[in-house]
Number of protein chains: 2
Amino acid sequence: MDTMRLSDSILSGDRRALSRAITFVENGDPEARALLEELYPRVGRARRIGFTGPPGVGKSTLVCELARFWRTQGKTVGIVAVDPSSPFTGGALLGDRIRMASIGTDPGVFIRSMATRGALGGLARATYEVCDVLDAAGKDVVLVETVGVGQSEIEIVRVADTTVVILSPESGDGVQAMKSGLMEIADVLVINKADRPGADALESQIRATFELSSSRKPPAIFQTAAATGKGISEAAAGIETHTATMERDGTLRAHRAERLRFRITRLVEEALARRLAHDPATAAWLDRRVEDVLAGRVTPADAAEEALDRLTSGPDRGVPRRPARLAK
Amino acid sequence: MDTMRLSDSILSGDRRALSRAITFVENGDPEARALLEELYPRVGRARRIGFTGPPGVGKSTLVCELARFWRTQGKTVGIVAVDPSSPFTGGALLGDRIRMASIGTDPGVFIRSMATRGALGGLARATYEVCDVLDAAGKDVVLVETVGVGQSEIEIVRVADTTVVILSPESGDGVQAMKSGLMEIADVLVINKADRPGADALESQIRATFELSSSRKPPAIFQTAAATGKGISEAAAGIETHTATMERDGTLRAHRAERLRFRITRLVEEALARRLAHDPATAAWLDRRVEDVLAGRVTPADAAEEALDRLTSGPDRGVPRRPARLAK
């Protein structure tokens with residue numbers, strides 16, 4: 001693949017090129033890295049907004065309606081919908097996606113579903129890079145929606161400039177939502193399905209809880225009924241205000257730097273774990289140490305220290321590195 | 001601290017010594033490592049059983065009743081209750097813990113609450129080691145209970161021999177529970193609060209879903225009403241059967257080896273991340289690279305590769321290692 005031509009096509013707005021590029025990135029193809037190098041100078045202009053919340057609160061519908069609203073403002077929109085790739089989830093999520101299809105025909109909207117690849121994967125590994133590609137492709141806003149369970153609901157803050165937590169009066173007792181740690185990551189809080197009973201009570205309860213806790217002030221709270229469009233423009237404005245305020249006071253840049261620091265560290269960890277798992281000599285050594293730990297001869301901490309010493313003991317231990325980058 | 005004397009006290013059943021040891025491990029004190037080395041030859045006899053599920057299904061009550069049941073069988077029990085250390089959760093969780101206090105006075109039961117240290121932490125870092133300490137201290141069963149949200153519900157499989165997923169007829173639609181990836185990690189499934197309407201329907205729904213999915217056969221399913229004691233002995237027997245079967249067919253050992261492999265890899269990753277964050281030269285280098293990435297000059301992947309090369313470029317780059325182990 002000629003990554004330079006592909007990146008040119010993406011920058012010129014070719015949807016099929018964008019789709020192909022995302023597939024490369026998602027699969028971790030070797031071409032992906034060269035492609036991201038081509039695209040990277042254009043990355044950083046999009047607003048990245050993360051959406052999470054318990055299952056059933058209407059996240060997809062809300063994201064869809066917000067996308068529609070931003071389109072009326074002339075903004076282009078990328079949507080990344082992260083699905084758990086559980087064998088049990090096909091049907092339910094398909095329904096969500098069909099709802100989204102109604103805006104999928106708008107050339108100013110690009111929607112991509114990504115699987116988390118197993119319950120243990122959390123947010124799909126490649127989500128960050130897919131956002132980079134959509135950003136480079138010129139989308140003004142990139143919306144990332146995750147099913148609010150497992151790791152993904154927490155990892156969303158590692159991807160988004162602004163994190164929107166969505167609840168509904170039906171998503172169970174507000175106290176339970178607070179138990180989950182969701183409140184701590186909310187930059188903006190949306191109570192969706194607010195046309196059903198209990199929305200005001202839930203909002204009061206949330207405000208009271210934040211008042212009792214001195215640790216932070218409450219996020220902006222909005223009530224919406226995405227299915228009827230109620231409150232969408234207000235919620236959109238609230239989200240924009242959050243990002244704009246961050247930009248003005250410099251916290252946006254600081255947040256992005258922190259996110260990158262985390263991202264780079266994670267990539268280093270992954271590369272190291274790959275070396276531990278795939279270098280035959282190291283893997284065989286690890287097998288022996290696991291036996292030693294099981295027999296009580298060594299602690300995991302001692303085995304880990306020895307592993308780190310092995311891995312950092314010289315510039316060339318014959319450990320295979322990743323394939324050389326493609327020539328451009 | 002004389003870790004040898006402390007480990008002797010733990011092995012002789014001194015509860016205060018056990019409590020102190022867990023605090024050392026939880027805080028990551030330098031003494032913890034020497035202590036674990038003392039204890040490690042005694043680790044591996046306890047059955048470790050993990051409990052997770054959505055908030056509100058009655059996990060603490062069920063764990064409590066199971067502990068009481070195993071006590072009547074003459075088994076000693078350690079309980080590790082992992083709490084999200086959210087500023088919002090104090091009240092609700094305190095309630096759970098008060099309920100647990102009723103068995104906390106039994107000298108054959110040792111209960112320890114651990115905080116996850118922030119929403120991003122997932123299962124408390126030290127949970128694994130705390131289980132090791134309780135195991136070495138001679139507890140026959142170690143029960144680990146996590147609030148079933150965030151990373152912890154998934155990470156429980158990294159700690160437990162047998163993972164018990166708890167639902168209740170009130171925990172929302174079964175489909176939603178399945179969306180969450182919880183079904184994939186369940187070795188045993190308990191429908192608690194089964195005295196309330198909908199328990200049979202939920203069980204049928206779960207069985208039907210497993211039948212439709214060819215990917216695995218359903219776990220054993222039990223209905224309990226922990227508050228009244230109904231079904232507790234059956235659920236306890238089901239859990240014991242799962243572990244005993246694993247032991248007989250060799251999968252227990254394989255599972256423990258796999259868990260250790262993951263654990264050691266994680267420890268190596270953590271040590272490497274510490275070096276990235278705390279070695280002044282490396283941290284300054286990382287700051288510059290973060291700026292380069294923000295400016296679009298370098299991709300995160302390229303920065304990560306450079307970081308790994310820096311970290312593995314020689315045996316002695318002046319990067320401070322962890323403090324030398326205490327002389328015994």
# chains A, B, ... in the order shown; residues from 1 in each chain; ligands from 1
call {"tool": "residues_around", "arguments": {"residues": "Met4 in chain B", "least_positions_apart": "3", "cutoff": "12 Å", "atoms": "only C-alpha atoms", "output": "MDAnalysis selection string"}}
result
chainID B and resid 1 7:11 17 21 31:39 326:328
call {"tool": "select_by_dssp", "arguments": {"residues": "range 202-307 of chain B", "states": "strand (DSSP E)", "output": "list of chain:residue names"}}
result
B:Ala220, B:Ile221, B:Phe222, B:Gln223
call {"tool": "write_last_selection", "arguments": {"atoms": "C-alpha atoms", "output": "PDB file, in the first residue's frame"}}
result
ATOM      1  CA  ALA B 220     -23.857 -23.516  36.964  1.00  0.00           C
ATOM      2  CA  ILE B 221     -26.697 -21.202  38.005  1.00  0.00           C
ATOM      3  CA  PHE B 222     -28.026 -20.918  41.558  1.00  0.00           C
ATOM      4  CA  GLN B 223     -30.860 -18.933  43.065  1.00  0.00           C
TER       5      GLN B 223
END
call {"tool": "closest_residue", "arguments": {"among": "A:Arg288, A:Arg42, A:His242, A:Arg15", "to": "chain B", "atoms": "only C-alpha atoms"}}
result
A:Arg42
call {"tool": "closest_residue", "arguments": {"among": "B:Ser168, B:Thr162, B:Thr127, B:Ser233", "to": "Thr72 in chain B", "atoms": "only C-alpha atoms"}}
result
B:Ser233
call {"tool": "select_by_dssp", "arguments": {"residues": "range 50-88 of chain A", "states": "alpha helix (DSSP H)", "output": "number ranges by chain"}}
result
A: 59-72
call {"tool": "atom_distance", "arguments": {"atom1": "CA of Arg5 in chain B", "atom2": "CA of Ala126 in chain B"}}
result
22.0 Å
call {"tool": "closest_residue", "arguments": {"among": "A:Thr224, A:Thr245, A:Thr146, A:Ser204", "to": "chain B", "atoms": "only C-alpha atoms"}}
result
A:Thr146
call {"tool": "closest_residue", "arguments": {"among": "A:Ala273, A:Val80, A:Ala301, A:Ala199", "to": "Asp132 in chain A", "atoms": "only C-alpha atoms"}}
result
A:Val80
call {"tool": "closest_residue", "arguments": {"among": "A:Leu182, A:Ile103, A:Val159, A:Ile191", "to": "Ala257 in chain A", "atoms": "only C-alpha atoms"}}
result
A:Val159
call {"tool": "closest_residue", "arguments": {"among": "B:Glu145, B:Glu270, B:Asp161, B:Asp140", "to": "chain A", "atoms": "only C-alpha atoms"}}
result
B:Glu270
call {"tool": "atom_distance", "arguments": {"atom1": "CA of Ile232 in chain B", "atom2": "CA of Lys193 in chain B"}}
result
11.6 Å
call {"tool": "residues_around", "arguments": {"residues": "Leu167 in chain A", "least_positions_apart": "6", "cutoff": "9 Å", "atoms": "only C-alpha atoms", "output": "ChimeraX atom specification"}}
result
/A:52-54,56-59,174,177,189-193
call {"tool": "write_last_selection", "arguments": {"atoms": "N, CA and C atoms", "output": "JSON list (two decimals), in the first residue's frame"}}
result
[["chain", "number", "residue", "atom", "x", "y", "z"],
["A", 52, "THR", "N", -20.31, 8.22, 27.86],
["A", 52, "THR", "CA", -20.42, 6.93, 28.53],
["A", 52, "THR", "C", -21.58, 6.98, 29.52],
["A", 53, "GLY", "N", -21.93, 5.84, 30.04],
["A", 53, "GLY", "CA", -23.04, 5.76, 30.97],
["A", 53, "GLY", "C", -23.54, 4.33, 31.00],
["A", 54, "PRO", "N", -24.41, 4.02, 31.96],
["A", 54, "PRO", "CA", -24.89, 2.64, 32.07],
["A", 54, "PRO", "C", -25.62, 2.20, 30.81],
["A", 56, "GLY", "N", -28.54, 1.19, 28.41],
["A", 56, "GLY", "CA", -29.96, 1.47, 28.40],
["A", 56, "GLY", "C", -30.38, 2.92, 28.63],
["A", 57, "VAL", "N", -29.42, 3.82, 28.77],
["A", 57, "VAL", "CA", -29.81, 5.22, 29.00],
["A", 57, "VAL", "C", -30.03, 5.99, 27.70],
["A", 58, "GLY", "N", -29.78, 5.33, 26.59],
["A", 58, "GLY", "CA", -30.02, 6.00, 25.31],
["A", 58, "GLY", "C", -28.81, 6.74, 24.77],
["A", 59, "LYS", "N", -27.64, 6.18, 25.00],
["A", 59, "LYS", "CA", -26.42, 6.85, 24.54],
["A", 59, "LYS", "C", -26.38, 7.04, 23.03],
["A", 174, "GLY", "N", -29.73, 6.94, 41.78],
["A", 174, "GLY", "CA", -28.58, 7.82, 41.56],
["A", 174, "GLY", "C", -27.38, 7.43, 42.41],
["A", 177, "ALA", "N", -25.33, 4.95, 40.66],
["A", 177, "ALA", "CA", -24.51, 5.54, 39.60],
["A", 177, "ALA", "C", -23.27, 6.18, 40.21],
["A", 189, "LEU", "N", -22.81, 16.39, 32.55],
["A", 189, "LEU", "CA", -23.70, 15.29, 32.90],
["A", 189, "LEU", "C", -25.04, 15.49, 32.19],
["A", 190, "VAL", "N", -25.49, 14.47, 31.49],
["A", 190, "VAL", "CA", -26.77, 14.56, 30.80],
["A", 190, "VAL", "C", -27.73, 13.53, 31.39],
["A", 191, "ILE", "N", -28.89, 14.02, 31.81],
["A", 191, "ILE", "CA", -29.96, 13.10, 32.21],
["A", 191, "ILE", "C", -30.87, 12.95, 31.00],
["A", 192, "ASN", "N", -30.72, 11.83, 30.32],
["A", 192, "ASN", "CA", -31.52, 11.58, 29.12],
["A", 192, "ASN", "C", -32.84, 10.91, 29.52],
["A", 193, "LYS", "N", -33.74, 10.80, 28.56],
["A", 193, "LYS", "CA", -35.09, 10.27, 28.83],
["A", 193, "LYS", "C", -35.76, 11.11, 29.93]]
